[in-house]
>>> print(open('query-v9.cif').read())   # mmCIF, C-alpha atoms and all ligand atoms
data_model
loop_
_atom_site.label_atom_id
_atom_site.label_comp_id
_atom_site.auth_asym_id
_atom_site.auth_seq_id
_atom_site.Cartn_x
_atom_site.Cartn_y
_atom_site.Cartn_z
CA MET R 1 0.55 -28.62 -3.55
CA ARG R 2 -2.01 -26.45 -5.32
CA LEU R 3 -1.29 -22.89 -4.30
CA PRO R 4 -4.11 -20.41 -4.02
CA MET R 5 -2.23 -18.13 -6.35
CA GLU R 6 -2.83 -20.63 -9.16
CA LEU R 7 -6.18 -19.04 -9.57
CA GLU R 8 -8.78 -19.65 -12.18
CA PRO R 9 -8.30 -17.41 -15.22
CA ALA R 10 -10.02 -14.05 -14.82
CA PRO R 11 -13.55 -14.22 -16.23
CA THR R 12 -13.98 -12.30 -19.44
CA ALA R 13 -16.87 -9.97 -20.16
CA PRO R 14 -19.93 -11.78 -21.54
CA ALA R 15 -20.44 -11.66 -25.29
CA ASP R 16 -24.19 -11.10 -24.96
CA PRO R 17 -25.84 -8.55 -22.70
CA PRO R 18 -27.85 -10.08 -19.87
CA THR R 19 -31.44 -10.75 -20.87
CA ARG R 20 -34.49 -10.93 -18.70
CA ALA R 21 -36.33 -13.23 -21.13
CA ALA R 22 -36.73 -16.83 -19.98
CA GLU R 23 -34.85 -19.48 -21.97
CA PRO R 24 -37.19 -21.34 -24.36
CA GLY R 25 -39.00 -24.14 -22.60
CA THR R 26 -38.31 -22.74 -19.12
CA ARG R 27 -41.50 -20.72 -18.68
CA GLY R 28 -42.86 -21.27 -15.20
CA ARG R 29 -39.88 -23.38 -14.22
CA CYS R 30 -36.70 -22.46 -12.43
CA PRO R 31 -34.16 -21.86 -15.24
CA GLY R 32 -31.21 -22.94 -13.04
CA PRO R 33 -28.62 -20.97 -11.13
CA VAL R 34 -28.01 -17.35 -12.12
CA ALA R 35 -24.88 -16.92 -14.23
CA TRP R 36 -23.60 -14.01 -12.20
CA GLU R 37 -20.56 -13.34 -14.39
CA ARG R 38 -22.95 -12.18 -17.12
CA TYR R 39 -24.18 -9.36 -14.91
CA PHE R 40 -20.90 -7.99 -13.60
CA SER R 41 -19.70 -4.54 -14.66
CA ARG R 42 -16.47 -4.14 -16.64
CA SER R 43 -14.91 -2.80 -13.47
CA ALA R 44 -15.93 -5.92 -11.53
CA HIS R 45 -14.43 -8.12 -14.25
CA ALA R 46 -11.17 -6.21 -13.84
CA MET R 47 -11.11 -7.06 -10.10
CA VAL R 48 -9.04 -10.20 -9.59
CA PRO R 49 -7.35 -11.42 -6.41
CA SER R 50 -3.73 -10.34 -6.12
CA GLU R 51 -0.99 -12.95 -5.77
CA VAL R 52 0.05 -11.30 -2.55
CA ARG R 53 -3.36 -11.45 -0.84
CA SER R 54 -3.91 -15.05 -2.01
CA LEU R 55 -0.61 -16.07 -0.48
CA PHE R 56 -1.48 -14.84 3.01
CA SER R 57 -3.75 -17.79 3.91
CA VAL R 58 -0.94 -20.27 3.10
CA ALA R 59 1.65 -18.14 4.87
CA ALA R 60 -0.47 -18.26 8.04
CA LEU R 61 -0.38 -22.09 8.24
CA PRO R 62 1.28 -23.49 11.38
CA GLY R 63 4.97 -24.21 10.97
CA ILE R 64 5.49 -21.59 8.28
CA VAL R 65 7.60 -18.54 9.06
CA SER R 66 5.85 -15.82 7.12
CA LEU R 67 8.14 -13.19 5.65
CA ALA R 68 5.29 -12.47 3.20
CA GLY R 69 2.71 -10.14 4.77
CA GLY R 70 3.55 -6.62 5.89
CA MET R 71 1.54 -6.63 9.11
CA PRO R 72 2.57 -4.15 11.80
CA ASP R 73 3.47 -5.42 15.27
CA VAL R 74 0.45 -4.23 17.23
CA SER R 75 1.70 -6.01 20.36
CA ALA R 76 3.99 -2.99 20.86
CA LEU R 77 0.88 -0.94 21.70
CA PRO R 78 -0.22 -1.50 25.32
CA PRO R 79 -3.80 -2.91 25.23
CA GLU R 80 -4.72 -1.11 28.46
CA THR R 81 -3.79 2.24 26.88
CA MET R 82 -6.17 1.68 23.98
CA ALA R 83 -8.88 0.22 26.22
CA GLY R 84 -8.70 3.32 28.44
CA ILE R 85 -8.88 5.68 25.46
CA LEU R 86 -11.86 3.85 23.96
CA ALA R 87 -13.72 3.88 27.28
CA ASP R 88 -13.03 7.61 27.78
CA VAL R 89 -14.21 8.40 24.25
CA VAL R 90 -17.52 6.59 24.73
CA ARG R 91 -18.03 7.99 28.24
CA GLU R 92 -17.14 11.60 27.44
CA HIS R 93 -18.17 11.89 23.78
CA GLY R 94 -20.79 9.12 23.41
CA PRO R 95 -23.39 11.17 21.53
CA THR R 96 -20.76 12.15 18.93
CA ALA R 97 -18.77 8.92 18.92
CA LEU R 98 -21.86 6.78 18.29
CA GLN R 99 -23.47 9.12 15.77
CA TYR R 100 -23.01 9.74 12.02
CA GLY R 101 -20.38 12.35 11.24
CA SER R 102 -19.28 14.36 8.21
CA ALA R 103 -17.76 12.70 5.15
CA GLN R 104 -14.69 14.94 5.43
CA GLY R 105 -14.00 13.60 8.90
CA ASP R 106 -13.86 14.88 12.46
CA PRO R 107 -12.47 18.46 12.59
CA GLY R 108 -10.47 17.76 15.76
CA LEU R 109 -8.77 14.76 14.19
CA ARG R 110 -8.06 16.71 11.01
CA ASP R 111 -6.36 19.31 13.16
CA SER R 112 -4.25 16.63 14.92
CA ILE R 113 -3.35 15.12 11.53
CA CYS R 114 -1.83 18.49 10.57
CA SER R 115 0.57 18.20 13.54
CA VAL R 116 1.57 14.69 12.41
CA MET R 117 2.21 15.97 8.88
CA ALA R 118 4.42 18.75 10.26
CA ALA R 119 6.96 16.05 11.24
CA GLU R 120 7.66 15.62 7.50
CA GLY R 121 7.86 19.32 6.71
CA ILE R 122 4.29 19.82 5.49
CA SER R 123 2.33 22.93 6.59
CA ALA R 124 -1.13 21.42 6.29
CA ARG R 125 -4.47 23.06 7.02
CA PRO R 126 -7.37 21.00 8.45
CA GLU R 127 -9.68 22.11 5.62
CA ASP R 128 -7.36 20.42 3.09
CA VAL R 129 -7.45 17.10 4.96
CA MET R 130 -10.07 14.39 4.50
CA VAL R 131 -10.14 11.36 6.77
CA THR R 132 -10.29 7.98 4.98
CA VAL R 133 -10.71 4.31 5.88
CA GLY R 134 -6.96 3.68 5.73
CA SER R 135 -4.97 5.09 2.85
CA GLN R 136 -6.39 2.29 0.73
CA GLN R 137 -9.73 4.10 0.61
CA ALA R 138 -7.95 7.27 -0.46
CA LEU R 139 -6.56 5.34 -3.44
CA ASP R 140 -10.02 4.06 -4.34
CA LEU R 141 -11.63 7.50 -4.05
CA LEU R 142 -8.84 9.13 -6.05
CA ALA R 143 -9.37 6.55 -8.78
CA ARG R 144 -13.08 7.42 -8.86
CA VAL R 145 -12.48 11.14 -8.94
CA LEU R 146 -9.48 11.31 -11.29
CA LEU R 147 -9.70 8.32 -13.65
CA ASP R 148 -11.84 7.49 -16.65
CA PRO R 149 -11.49 4.07 -18.28
CA GLY R 150 -8.50 4.15 -20.63
CA ASP R 151 -6.65 6.88 -18.68
CA THR R 152 -2.97 6.30 -18.01
CA VAL R 153 -1.39 6.11 -14.57
CA VAL R 154 2.38 5.96 -14.17
CA THR R 155 3.86 4.13 -11.18
CA GLU R 156 7.21 2.93 -10.00
CA GLY R 157 8.14 -0.55 -11.20
CA PRO R 158 7.74 -2.44 -8.88
CA THR R 159 5.04 -0.87 -6.72
CA TYR R 160 2.38 -1.49 -4.04
CA VAL R 161 0.21 -4.31 -5.32
CA THR R 162 -3.20 -3.12 -4.13
CA ALA R 163 -2.72 0.30 -5.72
CA LEU R 164 -2.19 -1.53 -9.02
CA GLY R 165 -5.43 -3.46 -8.44
CA THR R 166 -7.36 -0.27 -7.67
CA PHE R 167 -6.13 1.55 -10.77
CA LYS R 168 -6.81 -1.46 -12.99
CA ALA R 169 -10.33 -1.88 -11.59
CA ALA R 170 -10.94 1.78 -12.55
CA GLY R 171 -10.07 0.80 -16.15
CA ALA R 172 -6.74 2.66 -16.15
CA ARG R 173 -3.68 1.58 -18.08
CA VAL R 174 -0.74 1.35 -15.73
CA VAL R 175 2.75 2.12 -17.02
CA GLN R 176 5.62 1.24 -14.67
CA VAL R 177 8.89 3.16 -14.76
CA ALA R 178 12.23 1.65 -13.74
CA MET R 179 13.74 2.28 -10.31
CA ASP R 180 17.19 1.95 -8.87
CA ARG R 181 18.11 1.83 -5.20
CA ALA R 182 17.24 5.53 -4.84
CA GLY R 183 13.73 5.15 -6.21
CA VAL R 184 12.28 5.99 -9.61
CA ILE R 185 14.83 7.21 -12.16
CA PRO R 186 13.87 10.82 -13.11
CA ASP R 187 15.16 10.60 -16.70
CA GLU R 188 13.18 7.41 -17.28
CA LEU R 189 10.12 9.10 -15.80
CA ALA R 190 10.53 12.10 -18.13
CA ALA R 191 11.00 9.75 -21.11
CA ALA R 192 7.85 7.80 -20.19
CA PHE R 193 5.77 11.00 -19.90
CA HIS R 194 7.12 12.18 -23.26
CA ARG R 195 6.42 8.85 -24.96
CA LEU R 196 2.89 8.60 -23.53
CA THR R 197 2.07 12.14 -24.67
CA ALA R 198 3.42 11.38 -28.15
CA GLU R 199 1.22 8.26 -28.24
CA GLY R 200 -1.83 10.38 -27.41
CA ARG R 201 -2.36 8.90 -23.96
CA PRO R 202 -0.66 11.32 -21.57
CA ALA R 203 -0.23 10.29 -17.95
CA LYS R 204 -2.83 11.70 -15.56
CA PHE R 205 -0.88 11.11 -12.38
CA PHE R 206 2.31 9.57 -11.10
CA TYR R 207 1.66 7.28 -8.13
CA THR R 208 4.71 7.02 -5.91
CA VAL R 209 5.76 5.61 -2.53
CA PRO R 210 8.94 7.70 -2.22
CA THR R 211 9.85 6.78 1.37
CA PHE R 212 10.68 3.20 2.47
CA GLN R 213 8.81 1.90 -0.54
CA ASN R 214 6.62 -1.16 -0.61
CA PRO R 215 8.05 -3.50 -1.91
CA THR R 216 11.71 -2.42 -2.30
CA GLY R 217 12.36 -0.40 0.87
CA ALA R 218 13.92 2.32 -1.34
CA THR R 219 13.81 5.99 -0.32
CA VAL R 220 14.23 8.81 -2.81
CA PRO R 221 16.95 11.24 -1.62
CA ALA R 222 16.28 15.01 -1.42
CA GLY R 223 17.99 16.00 -4.70
CA ARG R 224 16.13 13.39 -6.68
CA ARG R 225 12.82 14.45 -5.08
CA ALA R 226 13.25 17.95 -6.49
CA HIS R 227 14.10 16.47 -9.90
CA ILE R 228 11.01 14.22 -9.91
CA LEU R 229 8.75 17.14 -8.99
CA GLU R 230 10.28 19.20 -11.78
CA VAL R 231 9.73 16.40 -14.31
CA CYS R 232 6.06 16.07 -13.27
CA ARG R 233 5.54 19.84 -13.32
CA ARG R 234 7.00 20.14 -16.82
CA ALA R 235 4.83 17.29 -18.12
CA GLY R 236 1.67 18.61 -16.39
CA VAL R 237 1.27 15.35 -14.46
CA LEU R 238 -0.19 15.23 -10.93
CA VAL R 239 1.64 13.36 -8.17
CA VAL R 240 0.01 10.97 -5.69
CA GLU R 241 2.42 10.52 -2.78
CA ASP R 242 1.51 7.45 -0.71
CA ASN R 243 3.42 7.65 2.56
CA PRO R 244 2.33 5.12 5.21
CA TYR R 245 5.91 4.33 6.37
CA GLY R 246 7.53 7.79 6.44
CA LEU R 247 7.65 8.09 10.24
CA LEU R 248 9.16 4.62 10.65
CA HIS R 249 12.76 5.67 9.98
CA TYR R 250 15.46 3.59 11.65
CA ASP R 251 18.69 5.43 10.81
CA ALA R 252 18.40 9.01 9.60
CA ALA R 253 15.91 11.77 10.47
CA PRO R 254 12.47 11.81 8.79
CA THR R 255 12.50 12.59 5.09
CA ARG R 256 10.81 15.75 3.85
CA ALA R 257 7.65 14.74 1.98
CA LEU R 258 7.22 15.59 -1.72
CA CYS R 259 4.00 17.36 -0.72
CA ALA R 260 5.98 19.79 1.45
CA ASP R 261 7.57 21.29 -1.67
CA ASP R 262 4.60 21.32 -4.05
CA PRO R 263 1.31 21.03 -2.15
CA ASP R 264 -0.63 22.28 -5.17
CA ARG R 265 0.45 19.38 -7.41
CA VAL R 266 1.04 16.60 -4.89
CA VAL R 267 -1.85 14.70 -3.31
CA TYR R 268 -0.59 13.19 -0.06
CA LEU R 269 -1.88 9.95 1.49
CA GLY R 270 -1.19 9.19 5.14
CA SER R 271 -2.24 6.39 7.46
CA PHE R 272 -2.29 5.41 11.12
CA SER R 273 -2.13 1.72 10.15
CA LYS R 274 1.63 1.41 10.65
CA THR R 275 2.17 4.06 13.32
CA LEU R 276 -0.79 3.10 15.54
CA ALA R 277 -3.05 0.18 14.53
CA PRO R 278 -4.51 -0.96 11.19
CA GLY R 279 -7.62 -2.30 12.93
CA LEU R 280 -8.77 1.28 13.54
CA ARG R 281 -8.81 1.82 9.75
CA VAL R 282 -7.98 5.51 9.91
CA GLY R 283 -5.94 7.24 7.24
CA TRP R 284 -6.19 10.53 5.39
CA VAL R 285 -5.70 12.40 2.17
CA HIS R 286 -4.35 15.95 1.91
CA ALA R 287 -5.23 17.68 -1.35
CA PRO R 288 -5.90 21.11 -2.86
CA ALA R 289 -9.41 22.47 -2.19
CA ALA R 290 -10.92 21.62 -5.60
CA LEU R 291 -9.91 17.97 -5.32
CA THR R 292 -10.86 17.68 -1.63
CA ALA R 293 -14.38 18.88 -2.46
CA LYS R 294 -14.82 16.05 -5.01
CA LEU R 295 -13.23 13.48 -2.71
CA VAL R 296 -15.72 14.42 0.03
CA LEU R 297 -18.61 13.80 -2.40
CA ALA R 298 -17.10 10.46 -3.43
CA ALA R 299 -16.66 9.49 0.24
CA GLU R 300 -20.27 10.42 0.97
CA SER R 301 -21.43 8.15 -1.81
CA ALA R 302 -19.13 5.33 -0.65
CA MET R 303 -20.10 5.33 3.05
CA LEU R 304 -21.92 8.52 4.22
CA SER R 305 -19.39 9.08 6.99
CA HIS R 306 -16.42 7.44 8.70
CA SER R 307 -16.50 5.65 12.02
CA ALA R 308 -16.71 8.51 14.51
CA LEU R 309 -15.62 6.09 17.25
CA ALA R 310 -12.39 5.22 15.42
CA GLN R 311 -11.65 8.85 14.60
CA LEU R 312 -12.18 10.12 18.13
CA THR R 313 -10.04 7.25 19.44
CA VAL R 314 -7.14 8.21 17.18
CA ASP R 315 -7.57 11.89 18.02
CA ARG R 316 -7.56 11.23 21.76
CA TYR R 317 -4.48 9.03 21.39
CA LEU R 318 -2.68 11.85 19.58
CA ARG R 319 -3.77 14.46 22.13
CA THR R 320 -3.27 12.53 25.37
CA GLU R 321 -0.49 10.03 24.70
CA PRO R 322 3.16 10.88 24.09
CA TRP R 323 2.74 9.53 20.55
CA GLN R 324 6.16 10.66 19.34
CA GLU R 325 7.80 8.81 22.22
CA ARG R 326 5.72 5.72 21.50
CA LEU R 327 6.69 5.95 17.85
CA GLY R 328 10.32 5.93 19.01
CA GLY R 329 9.59 2.62 20.78
CA PHE R 330 7.96 1.11 17.67
CA ARG R 331 10.94 2.23 15.60
CA ALA R 332 13.36 0.53 17.99
CA GLY R 333 11.42 -2.76 17.72
CA TYR R 334 11.34 -2.67 13.92
CA ARG R 335 15.01 -1.66 13.74
CA THR R 336 15.93 -4.79 15.73
CA ARG R 337 13.94 -6.94 13.32
CA ARG R 338 15.39 -5.26 10.26
CA ASP R 339 18.89 -5.82 11.60
CA ALA R 340 18.06 -9.48 12.33
CA MET R 341 16.95 -9.92 8.73
CA LEU R 342 20.00 -8.16 7.25
CA ARG R 343 22.34 -10.17 9.49
CA ALA R 344 20.67 -13.48 8.55
CA LEU R 345 20.81 -12.58 4.84
CA SER R 346 24.54 -11.77 5.08
CA LEU R 347 25.29 -14.96 6.99
CA SER R 348 23.24 -17.44 5.01
CA MET R 349 22.50 -16.35 1.42
CA PRO R 350 24.55 -18.03 -1.31
CA ALA R 351 26.80 -15.92 -3.57
CA GLY R 352 24.92 -14.13 -6.34
CA VAL R 353 21.94 -13.17 -4.17
CA SER R 354 21.67 -9.45 -3.33
CA TRP R 355 19.20 -7.33 -1.36
CA THR R 356 18.28 -3.76 -0.47
CA VAL R 357 19.13 -2.22 2.92
CA PRO R 358 16.09 -0.14 3.94
CA ASP R 359 16.49 2.83 6.30
CA GLY R 360 12.91 2.37 7.46
CA GLY R 361 9.57 0.72 6.69
CA PHE R 362 8.91 -3.02 6.59
CA PHE R 363 10.52 -4.50 3.47
CA VAL R 364 13.69 -5.92 1.93
CA TRP R 365 13.78 -6.61 -1.82
CA VAL R 366 15.90 -9.58 -2.83
CA THR R 367 17.44 -10.19 -6.26
CA LEU R 368 18.13 -13.82 -7.21
CA PRO R 369 20.96 -15.04 -9.42
CA GLU R 370 20.25 -15.25 -13.15
CA GLY R 371 18.21 -18.34 -14.05
CA LEU R 372 16.18 -18.53 -10.84
CA ASP R 373 12.47 -17.67 -10.81
CA SER R 374 10.88 -16.63 -7.50
CA ARG R 375 7.49 -18.12 -8.48
CA GLU R 376 9.10 -21.52 -9.04
CA LEU R 377 10.97 -21.14 -5.77
CA LEU R 378 7.82 -20.51 -3.72
CA PRO R 379 6.43 -24.09 -3.46
CA HIS R 380 9.89 -25.29 -2.35
CA ALA R 381 10.08 -22.50 0.21
CA LEU R 382 6.61 -23.30 1.59
CA ALA R 383 7.58 -26.97 1.83
CA ALA R 384 10.67 -25.86 3.78
CA GLY R 385 8.49 -23.73 6.07
CA VAL R 386 9.03 -20.16 4.90
CA ALA R 387 6.84 -17.79 2.87
CA PHE R 388 7.75 -14.73 0.80
CA VAL R 389 6.06 -12.77 -1.96
CA PRO R 390 7.35 -13.34 -5.52
CA GLY R 391 8.39 -10.12 -7.25
CA THR R 392 5.92 -10.58 -10.12
CA GLY R 393 3.06 -9.49 -7.81
CA PHE R 394 4.35 -5.92 -7.88
CA TYR R 395 4.38 -5.54 -11.66
CA THR R 396 1.56 -5.52 -14.18
CA ASP R 397 3.43 -7.30 -16.96
CA GLY R 398 5.10 -10.42 -15.58
CA ARG R 399 8.39 -8.71 -14.71
CA GLY R 400 9.94 -9.38 -11.32
CA THR R 401 10.68 -13.10 -11.70
CA ARG R 402 14.21 -12.64 -10.31
CA HIS R 403 12.95 -10.74 -7.26
CA LEU R 404 11.12 -11.45 -4.05
CA ARG R 405 9.86 -9.32 -1.18
CA LEU R 406 10.67 -10.15 2.42
CA SER R 407 8.94 -8.42 5.31
CA PHE R 408 10.51 -8.11 8.76
CA SER R 409 7.68 -6.23 10.49
CA TYR R 410 5.81 -9.05 12.21
CA PRO R 411 7.84 -12.17 13.15
CA SER R 412 10.26 -12.05 16.09
CA ALA R 413 13.99 -11.59 15.41
CA GLU R 414 14.49 -15.33 16.13
CA LEU R 415 11.82 -16.36 13.62
CA ILE R 416 13.21 -13.95 11.03
CA ASP R 417 16.61 -15.57 11.45
CA GLU R 418 15.12 -19.05 11.08
CA GLY R 419 12.99 -18.04 8.08
CA VAL R 420 15.88 -16.46 6.19
CA ARG R 421 18.07 -19.53 6.84
CA ARG R 422 15.34 -21.82 5.45
CA LEU R 423 15.00 -19.61 2.39
CA ALA R 424 18.75 -19.50 1.84
CA ALA R 425 18.89 -23.31 1.90
CA VAL R 426 16.08 -23.52 -0.66
CA ILE R 427 17.84 -21.04 -2.97
CA ALA R 428 21.19 -22.84 -2.58
CA ALA R 429 19.52 -26.14 -3.54
CA GLN R 430 18.26 -24.60 -6.82
CA LEU R 431 21.65 -23.29 -7.96
N1 LIG R 501 -0.07 2.10 0.62
C1 LIG R 501 0.96 1.29 0.84
C2 LIG R 501 2.26 1.58 0.15
C3 LIG R 501 0.84 0.20 1.71
O1 LIG R 501 1.89 -0.59 1.91
C4 LIG R 501 -0.40 -0.03 2.34
C5 LIG R 501 -0.63 -1.19 3.28
N2 LIG R 501 0.12 -2.28 3.12
C6 LIG R 501 -1.45 0.86 2.07
C7 LIG R 501 -1.25 1.92 1.22
C8 LIG R 501 -2.82 0.71 2.69
O2 LIG R 501 -2.79 0.77 4.05
P1 LIG R 501 -3.99 1.24 4.97
O3 LIG R 501 -5.24 1.21 4.14
O4 LIG R 501 -4.04 0.25 6.07
O5 LIG R 501 -3.65 2.62 5.42
#
>>> encode(input="query-v9.cif", output="structure tokens")
Amino acid sequence: MRLPMELEPAPTAPADPPTRAAEPGTRGRCPGPVAWERYFSRSAHAMVPSEVRSLFSVAALPGIVSLAGGMPDVSALPPETMAGILADVVREHGPTALQYGSAQGDPGLRDSICSVMAAEGISARPEDVMVTVGSQQALDLLARVLLDPGDTVVTEGPTYVTALGTFKAAGARVVQVAMDRAGVIPDELAAAFHRLTAEGRPAKFFYTVPTFQNPTGATVPAGRRAHILEVCRRAGVLVVEDNPYGLLHYDAAPTRALCADDPDRVVYLGSFSKTLAPGLRVGWVHAPAALTAKLVLAAESAMLSHSALAQLTVDRYLRTEPWQERLGGFRAGYRTRRDAMLRALSLSMPAGVSWTVPDGGFFVWVTLPEGLDSRELLPHALAAGVAFVPGTGFYTDGRGTRHLRLSFSYPSAELIDEGVRRLAAVIAAQL
């Protein structure tokens, strides 16, 4: 089977600049189709489909249990609740909901977002919040505002695949620092900052998903958080804390955000995609005033203003629904699925396979025995009716061959059980 991830090689920049002159002998005649690659910007050439996104169309085929995508379970949200809120918003606030708004976002929603952030120990002010189209847009706008081509960004290795794509499209060099089960290793981070400075390409910011990380599920404990902040402070490196899963904790209480302890250095990205619905496309960025001002200008240039309808819908949900109670219900559903996955892994995986045990979020990171390669395993897994994401998708340099990411957020507990059993049989057959 030809997988979509076996993509054509990325086009390289054209040797010659595009010319408007007609080819000899073509005057007055159509010179043939436009060679669009010749006209693309460097940034466009750096945009290539990620392995993970390419895999999703195959994973959605009938008969395949997809443990690949990290889609939230929106069925846990009663449709009549959302229908009622939408209708009320249009009826009561039509002229605002159907009109352009400000690029910083609706003031009422920004105020409600501050109450959500308080759950993770952050004392936020509405003027430091900017609404975004999911946290993905915050990443894109941050790249525009903070990065010049050739700048260095440090991330965890492995890390969220689409953040890697965004930084690379901005022309940044991405350096990935080793993690263990408690997140990035502070001494390795300090060594990387030191090395990069000595090489004359100091890191501009450290991008981190410190809570229930995508893809490993790892959470950085409190003591290590303080250490990481200290390392960044000493090196003069900014921190971008991406935290879409923080409120989906299944065992312990919520973790205090990095931003709570250093709001002047840490830019915080939040999202309602996992705690409400990704279809609304509402997220936010919390940043110091100087950065927020630039982000607002970048947002204006990207889209004038956000969907007022989506923002007012989220705001009304937060103000009129018992959202914390609902979140408790979502957590219970995901906890059941996580437990189903961990149980199935324990019961069916052959010796030599290990995995992380996440306290929250959507993902389990699996390590294969020496000699196995998750990319080679994938066609066999798809043939057996189960999809996962090979670990290489979360690195920039081909690492991750002995790893794979499993997601438990979307399939039922029964399907998770079946999917893990199929995968275990495929792995056992390769040993
Ligand atoms: N950051 C991380 C770590 C994610 O896992 C995701 C979604 N998978 C995003 C950001 C983007 O999410 P959204 O734009 O829907 O908020």
>>> axis_aligned_box(input="query-v9.cif", around="segment 347-359 of chain R", padding_each_side="4 Å", output="JSON")
{"center_x": 21.4, "center_y": -7.6, "center_z": 0.3, "size_x": 18.7, "size_y": 28.9, "size_z": 21.3}
>>> closest_residue(input="query-v9.cif", among="R:Ala299, R:Val133, R:Val65, R:Val48", to="ligand LIG 501 (chain R)", atoms="all atoms listed in the file")
R:Val133
>>> closest_atom_pairs(input="query-v9.cif", of="chain R", to="ligand LIG 501 (chain R)", cutoff="6 Å", atoms="all atoms listed in the file", output="Markdown table")
| residue | atom | partner | partner_atom | distance |
| --- | --- | --- | --- | --- |
| R:Gly134 | CA | R:LIG501 | O3 | 3.4 |
| R:Ser135 | CA | R:LIG501 | O5 | 3.8 |
| R:Gln136 | CA | R:LIG501 | O3 | 3.8 |
| R:Tyr160 | CA | R:LIG501 | C2 | 5.2 |
| R:Val209 | CA | R:LIG501 | C2 | 6.0 |
| R:Asn214 | CA | R:LIG501 | C2 | 5.2 |
| R:Asp242 | CA | R:LIG501 | N1 | 5.7 |
| R:Pro244 | CA | R:LIG501 | C1 | 6.0 |
| R:Ser271 | CA | R:LIG501 | O5 | 4.5 |
| R:Ser273 | CA | R:LIG501 | O4 | 4.7 |
| R:Pro278 | CA | R:LIG501 | O4 | 5.3 |
| R:Gly283 | CA | R:LIG501 | O5 | 5.5 |
>>> residues_around(input="query-v9.cif", residues="Ala429 of chain R", least_positions_apart="5", cutoff="10 Å", atoms="all atoms listed in the file", output="ChimeraX atom specification")
/R:350,380,423-424
>>> atom_distance(input="query-v9.cif", atom1="atom CA of Gly121 of chain R", atom2="atom CA of Asn243 of chain R")
13.2 Å
>>> closest_residue(input="query-v9.cif", among="R:Ala192, R:Leu258, R:Met47, R:Ala59", to="Thr219 of chain R", atoms="all atoms listed in the file")
R:Leu258
>>> atom_distance(input="query-v9.cif", atom1="atom CA of Tyr317 of chain R", atom2="atom CA of Pro79 of chain R")
12.6 Å
>>> residues_around(input="query-v9.cif", residues="Ala332 of chain R", least_positions_apart="3", cutoff="12 Å", atoms="only C-alpha atoms", output="list in words")
Asp73, Ala76, Leu248, His249, Tyr250, Asp251, Glu325, Arg326, Leu327, Gly328, Gly329, Arg335, Thr336, Arg337, Arg338, Asp339, Gly360, Gly361 and Ser409 of chain R
>>> closest_residue(input="query-v9.cif", among="R:Met341, R:Glu370, R:Phe212, R:Val174", to="Phe408 of chain R", atoms="all atoms listed in the file")
R:Met341
>>> atom_distance(input="query-v9.cif", atom1="atom CA of Arg319 of chain R", atom2="atom CA of Gln213 of chain R")
28.8 Å
>>> closest_residue(input="query-v9.cif", among="R:Pro369, R:Gly270, R:Pro210, R:Gly32", to="Val282 of chain R", atoms="only C-alpha atoms")
R:Gly270
>>> residues_around(input="query-v9.cif", residues="Glu188 of chain R", least_positions_apart="6", cutoff="9 Å", atoms="all atoms listed in the file", output="VMD selection string")
chain R and resid 177 to 179
>>> closest_residue(input="query-v9.cif", among="R:Pro390, R:Gly150, R:Pro49, R:Gly385", to="Trp365 of chain R", atoms="all atoms listed in the file")
R:Pro390
>>> residues_around(input="query-v9.cif", residues="Met71 of chain R", least_positions_apart="3", cutoff="12 Å", atoms="all atoms listed in the file", output="PyMOL selection string")
chain R and resi 56+60+66-68+74-75+273-279+334+361-363+406-411
>>> closest_residue(input="query-v9.cif", among="R:Cys114, R:Met303, R:Ala235, R:Val184", to="Thr197 of chain R", atoms="all atoms listed in the file")
R:Ala235
>>> residues_around(input="query-v9.cif", residues="Val231 of chain R", least_positions_apart="5", cutoff="8 Å", atoms="all atoms listed in the file", output="JSON, numbers by chain")
{"R": [186, 189, 190]}
>>> residues_near_point(input="query-v9.cif", point="(2.5, 4.0, -11.5)", cutoff="6 Å", atoms="all atoms listed in the file", output="list in words")
Val153, Val154, Thr155, Glu156, Val174, Val175, Gln176, Phe206 and Tyr207 of chain R
